[in-house]
Amino acid sequence: MTDSWATFGADLHLELRGAKLRAGLMDALREAVRSGRLAPGARLPSSRGLAADLGIARNTVADAYAELTAEGWLTARQGSGTRVARRAAPRTGRGAAGSRPPGPPRRTAAVSYTHL
């Protein structure tokens, strides 16, 4: 494809590491956001365009975009493309800095078992 990252305002030089392409792409995109190479609100190329540029399957890119959207790194709207989230932060639930704020306390029930 003749389009490049430069047409989207970013020159990322993504390096996919490891045996798993999707995980490598996700790591590379996270690092690009963390380092500031991808600014909040920056539009990413289409999954088809990025897949062609990287020489990988479109579904691999689409799955990576979907996962990063679920984690809070990206936002996606049909017809508007995929962008870096305004407040890109991991939403892993592991208590990491920048994770989702805690919600209301969970209800727990005390359960006791007796042996008959």
# chains A, B, ... in the order shown; residues from 1 in each chain; ligands from 1
$ residues_around --residues "range 73-81 of chain A" --least-positions-apart "4" --cutoff "9 Å" --atoms "only C-alpha atoms" --output "MDAnalysis selection string"
chainID A and resid 29:30 33 40:41 43:46 65:69 85:91
$ residues_around --residues "range 54-57 of chain A" --least-positions-apart "6" --cutoff "10 Å" --atoms "only C-alpha atoms" --output "PDB file with all heavy atoms, in the first residue's frame"
ATOM      1  N   MET A   1       0.841  -1.172   0.000  1.00  0.00           N
ATOM      2  CA  MET A   1       0.000   0.000   0.000  1.00  0.00           C
ATOM      3  C   MET A   1       0.890   1.240   0.000  1.00  0.00           C
ATOM      4  O   MET A   1       1.896   1.286   0.667  1.00  0.00           O
ATOM      5  CB  MET A   1      -0.901  -0.059   1.239  1.00  0.00           C
ATOM      6  CG  MET A   1      -1.762   1.138   1.408  1.00  0.00           C
ATOM      7  SD  MET A   1      -2.916   0.884   2.772  1.00  0.00           S
ATOM      8  CE  MET A   1      -4.400   1.373   1.974  1.00  0.00           C
ATOM      9  N   LEU A  14       6.841   0.770  14.110  1.00  0.00           N
ATOM     10  CA  LEU A  14       6.421  -0.305  15.009  1.00  0.00           C
ATOM     11  C   LEU A  14       7.305  -1.529  14.825  1.00  0.00           C
ATOM     12  O   LEU A  14       7.533  -1.974  13.717  1.00  0.00           O
ATOM     13  CB  LEU A  14       4.964  -0.690  14.739  1.00  0.00           C
ATOM     14  CG  LEU A  14       3.918   0.356  15.048  1.00  0.00           C
ATOM     15  CD1 LEU A  14       2.548  -0.136  14.629  1.00  0.00           C
ATOM     16  CD2 LEU A  14       3.922   0.723  16.513  1.00  0.00           C
ATOM     17  N   GLU A  15       7.777  -2.051  15.930  1.00  0.00           N
ATOM     18  CA  GLU A  15       8.560  -3.279  15.910  1.00  0.00           C
ATOM     19  C   GLU A  15       7.759  -4.358  16.608  1.00  0.00           C
ATOM     20  O   GLU A  15       7.521  -4.286  17.811  1.00  0.00           O
ATOM     21  CB  GLU A  15       9.891  -3.077  16.627  1.00  0.00           C
ATOM     22  CG  GLU A  15      10.808  -2.124  15.908  1.00  0.00           C
ATOM     23  CD  GLU A  15      12.140  -1.994  16.629  1.00  0.00           C
ATOM     24  OE1 GLU A  15      12.585  -2.973  17.251  1.00  0.00           O
ATOM     25  OE2 GLU A  15      12.716  -0.906  16.564  1.00  0.00           O
ATOM     26  N   LEU A  16       7.339  -5.335  15.833  1.00  0.00           N
ATOM     27  CA  LEU A  16       6.565  -6.432  16.402  1.00  0.00           C
ATOM     28  C   LEU A  16       7.541  -7.491  16.893  1.00  0.00           C
ATOM     29  O   LEU A  16       8.296  -8.061  16.113  1.00  0.00           O
ATOM     30  CB  LEU A  16       5.609  -7.016  15.368  1.00  0.00           C
ATOM     31  CG  LEU A  16       4.675  -6.012  14.696  1.00  0.00           C
ATOM     32  CD1 LEU A  16       3.729  -6.721  13.751  1.00  0.00           C
ATOM     33  CD2 LEU A  16       3.909  -5.214  15.719  1.00  0.00           C
ATOM     34  N   LEU A  21       1.928 -12.315  16.828  1.00  0.00           N
ATOM     35  CA  LEU A  21       1.828 -11.015  16.163  1.00  0.00           C
ATOM     36  C   LEU A  21       0.875 -10.067  16.869  1.00  0.00           C
ATOM     37  O   LEU A  21       1.177  -8.889  17.036  1.00  0.00           O
ATOM     38  CB  LEU A  21       1.397 -11.197  14.713  1.00  0.00           C
ATOM     39  CG  LEU A  21       2.425 -11.818  13.783  1.00  0.00           C
ATOM     40  CD1 LEU A  21       1.825 -12.036  12.406  1.00  0.00           C
ATOM     41  CD2 LEU A  21       3.650 -10.934  13.691  1.00  0.00           C
ATOM     42  N   ARG A  22      -0.288 -10.568  17.279  1.00  0.00           N
ATOM     43  CA  ARG A  22      -1.273  -9.683  17.915  1.00  0.00           C
ATOM     44  C   ARG A  22      -0.713  -9.104  19.208  1.00  0.00           C
ATOM     45  O   ARG A  22      -0.809  -7.895  19.455  1.00  0.00           O
ATOM     46  CB  ARG A  22      -2.580 -10.417  18.187  1.00  0.00           C
ATOM     47  CG  ARG A  22      -3.656  -9.497  18.760  1.00  0.00           C
ATOM     48  CD  ARG A  22      -5.001 -10.190  18.877  1.00  0.00           C
ATOM     49  NE  ARG A  22      -4.980 -11.298  19.789  1.00  0.00           N
ATOM     50  CZ  ARG A  22      -5.276 -11.210  21.093  1.00  0.00           C
ATOM     51  NH1 ARG A  22      -5.610 -10.065  21.623  1.00  0.00           N
ATOM     52  NH2 ARG A  22      -5.252 -12.276  21.851  1.00  0.00           N
ATOM     53  N   LEU A  25       1.928  -6.523  18.376  1.00  0.00           N
ATOM     54  CA  LEU A  25       1.328  -5.285  17.885  1.00  0.00           C
ATOM     55  C   LEU A  25       0.723  -4.490  19.040  1.00  0.00           C
ATOM     56  O   LEU A  25       0.907  -3.272  19.130  1.00  0.00           O
ATOM     57  CB  LEU A  25       0.249  -5.593  16.831  1.00  0.00           C
ATOM     58  CG  LEU A  25      -0.523  -4.406  16.287  1.00  0.00           C
ATOM     59  CD1 LEU A  25       0.400  -3.387  15.640  1.00  0.00           C
ATOM     60  CD2 LEU A  25      -1.588  -4.874  15.307  1.00  0.00           C
ATOM     61  N   SER A  47      -7.632  -0.750  10.009  1.00  0.00           N
ATOM     62  CA  SER A  47      -7.052  -2.079  10.236  1.00  0.00           C
ATOM     63  C   SER A  47      -6.544  -2.663   8.918  1.00  0.00           C
ATOM     64  O   SER A  47      -5.493  -3.295   8.879  1.00  0.00           O
ATOM     65  CB  SER A  47      -8.076  -3.014  10.879  1.00  0.00           C
ATOM     66  OG  SER A  47      -9.226  -3.140  10.081  1.00  0.00           O
ATOM     67  N   ARG A  48      -7.251  -2.396   7.855  1.00  0.00           N
ATOM     68  CA  ARG A  48      -6.829  -2.895   6.541  1.00  0.00           C
ATOM     69  C   ARG A  48      -5.513  -2.242   6.102  1.00  0.00           C
ATOM     70  O   ARG A  48      -4.602  -2.893   5.626  1.00  0.00           O
ATOM     71  CB  ARG A  48      -7.925  -2.611   5.505  1.00  0.00           C
ATOM     72  CG  ARG A  48      -7.696  -3.229   4.154  1.00  0.00           C
ATOM     73  CD  ARG A  48      -8.852  -2.921   3.204  1.00  0.00           C
ATOM     74  NE  ARG A  48     -10.165  -3.086   3.787  1.00  0.00           N
ATOM     75  CZ  ARG A  48     -10.880  -4.204   3.730  1.00  0.00           C
ATOM     76  NH1 ARG A  48     -10.402  -5.250   3.106  1.00  0.00           N
ATOM     77  NH2 ARG A  48     -12.064  -4.279   4.282  1.00  0.00           N
TER      78      ARG A  48
END
$ select_by_dssp --residues "range 21-81 of chain A" --states "strand (DSSP E)" --output "PDB file with N, CA, C and O atoms, in the first residue's frame"
ATOM      1  N   LEU A  74      -7.507   2.872  23.409  1.00  0.00           N
ATOM      2  CA  LEU A  74      -8.036   3.412  22.156  1.00  0.00           C
ATOM      3  C   LEU A  74      -9.533   3.615  22.278  1.00  0.00           C
ATOM      4  O   LEU A  74     -10.181   3.045  23.155  1.00  0.00           O
ATOM      5  N   THR A  75     -10.082   4.425  21.383  1.00  0.00           N
ATOM      6  CA  THR A  75     -11.526   4.565  21.239  1.00  0.00           C
ATOM      7  C   THR A  75     -11.858   4.279  19.786  1.00  0.00           C
ATOM      8  O   THR A  75     -11.056   4.548  18.895  1.00  0.00           O
ATOM      9  N   ALA A  76     -13.037   3.746  19.569  1.00  0.00           N
ATOM     10  CA  ALA A  76     -13.443   3.422  18.208  1.00  0.00           C
ATOM     11  C   ALA A  76     -14.907   3.766  18.019  1.00  0.00           C
ATOM     12  O   ALA A  76     -15.735   3.478  18.882  1.00  0.00           O
ATOM     13  N   ARG A  77     -15.191   4.418  16.900  1.00  0.00           N
ATOM     14  CA  ARG A  77     -16.559   4.724  16.513  1.00  0.00           C
ATOM     15  C   ARG A  77     -16.710   4.376  15.053  1.00  0.00           C
ATOM     16  O   ARG A  77     -15.885   4.782  14.229  1.00  0.00           O
ATOM     17  N   GLY A  81     -13.375   5.939  12.672  1.00  0.00           N
ATOM     18  CA  GLY A  81     -12.059   5.346  12.830  1.00  0.00           C
ATOM     19  C   GLY A  81     -11.681   5.083  14.271  1.00  0.00           C
ATOM     20  O   GLY A  81     -12.459   5.266  15.195  1.00  0.00           O
TER      21      GLY A  81
END
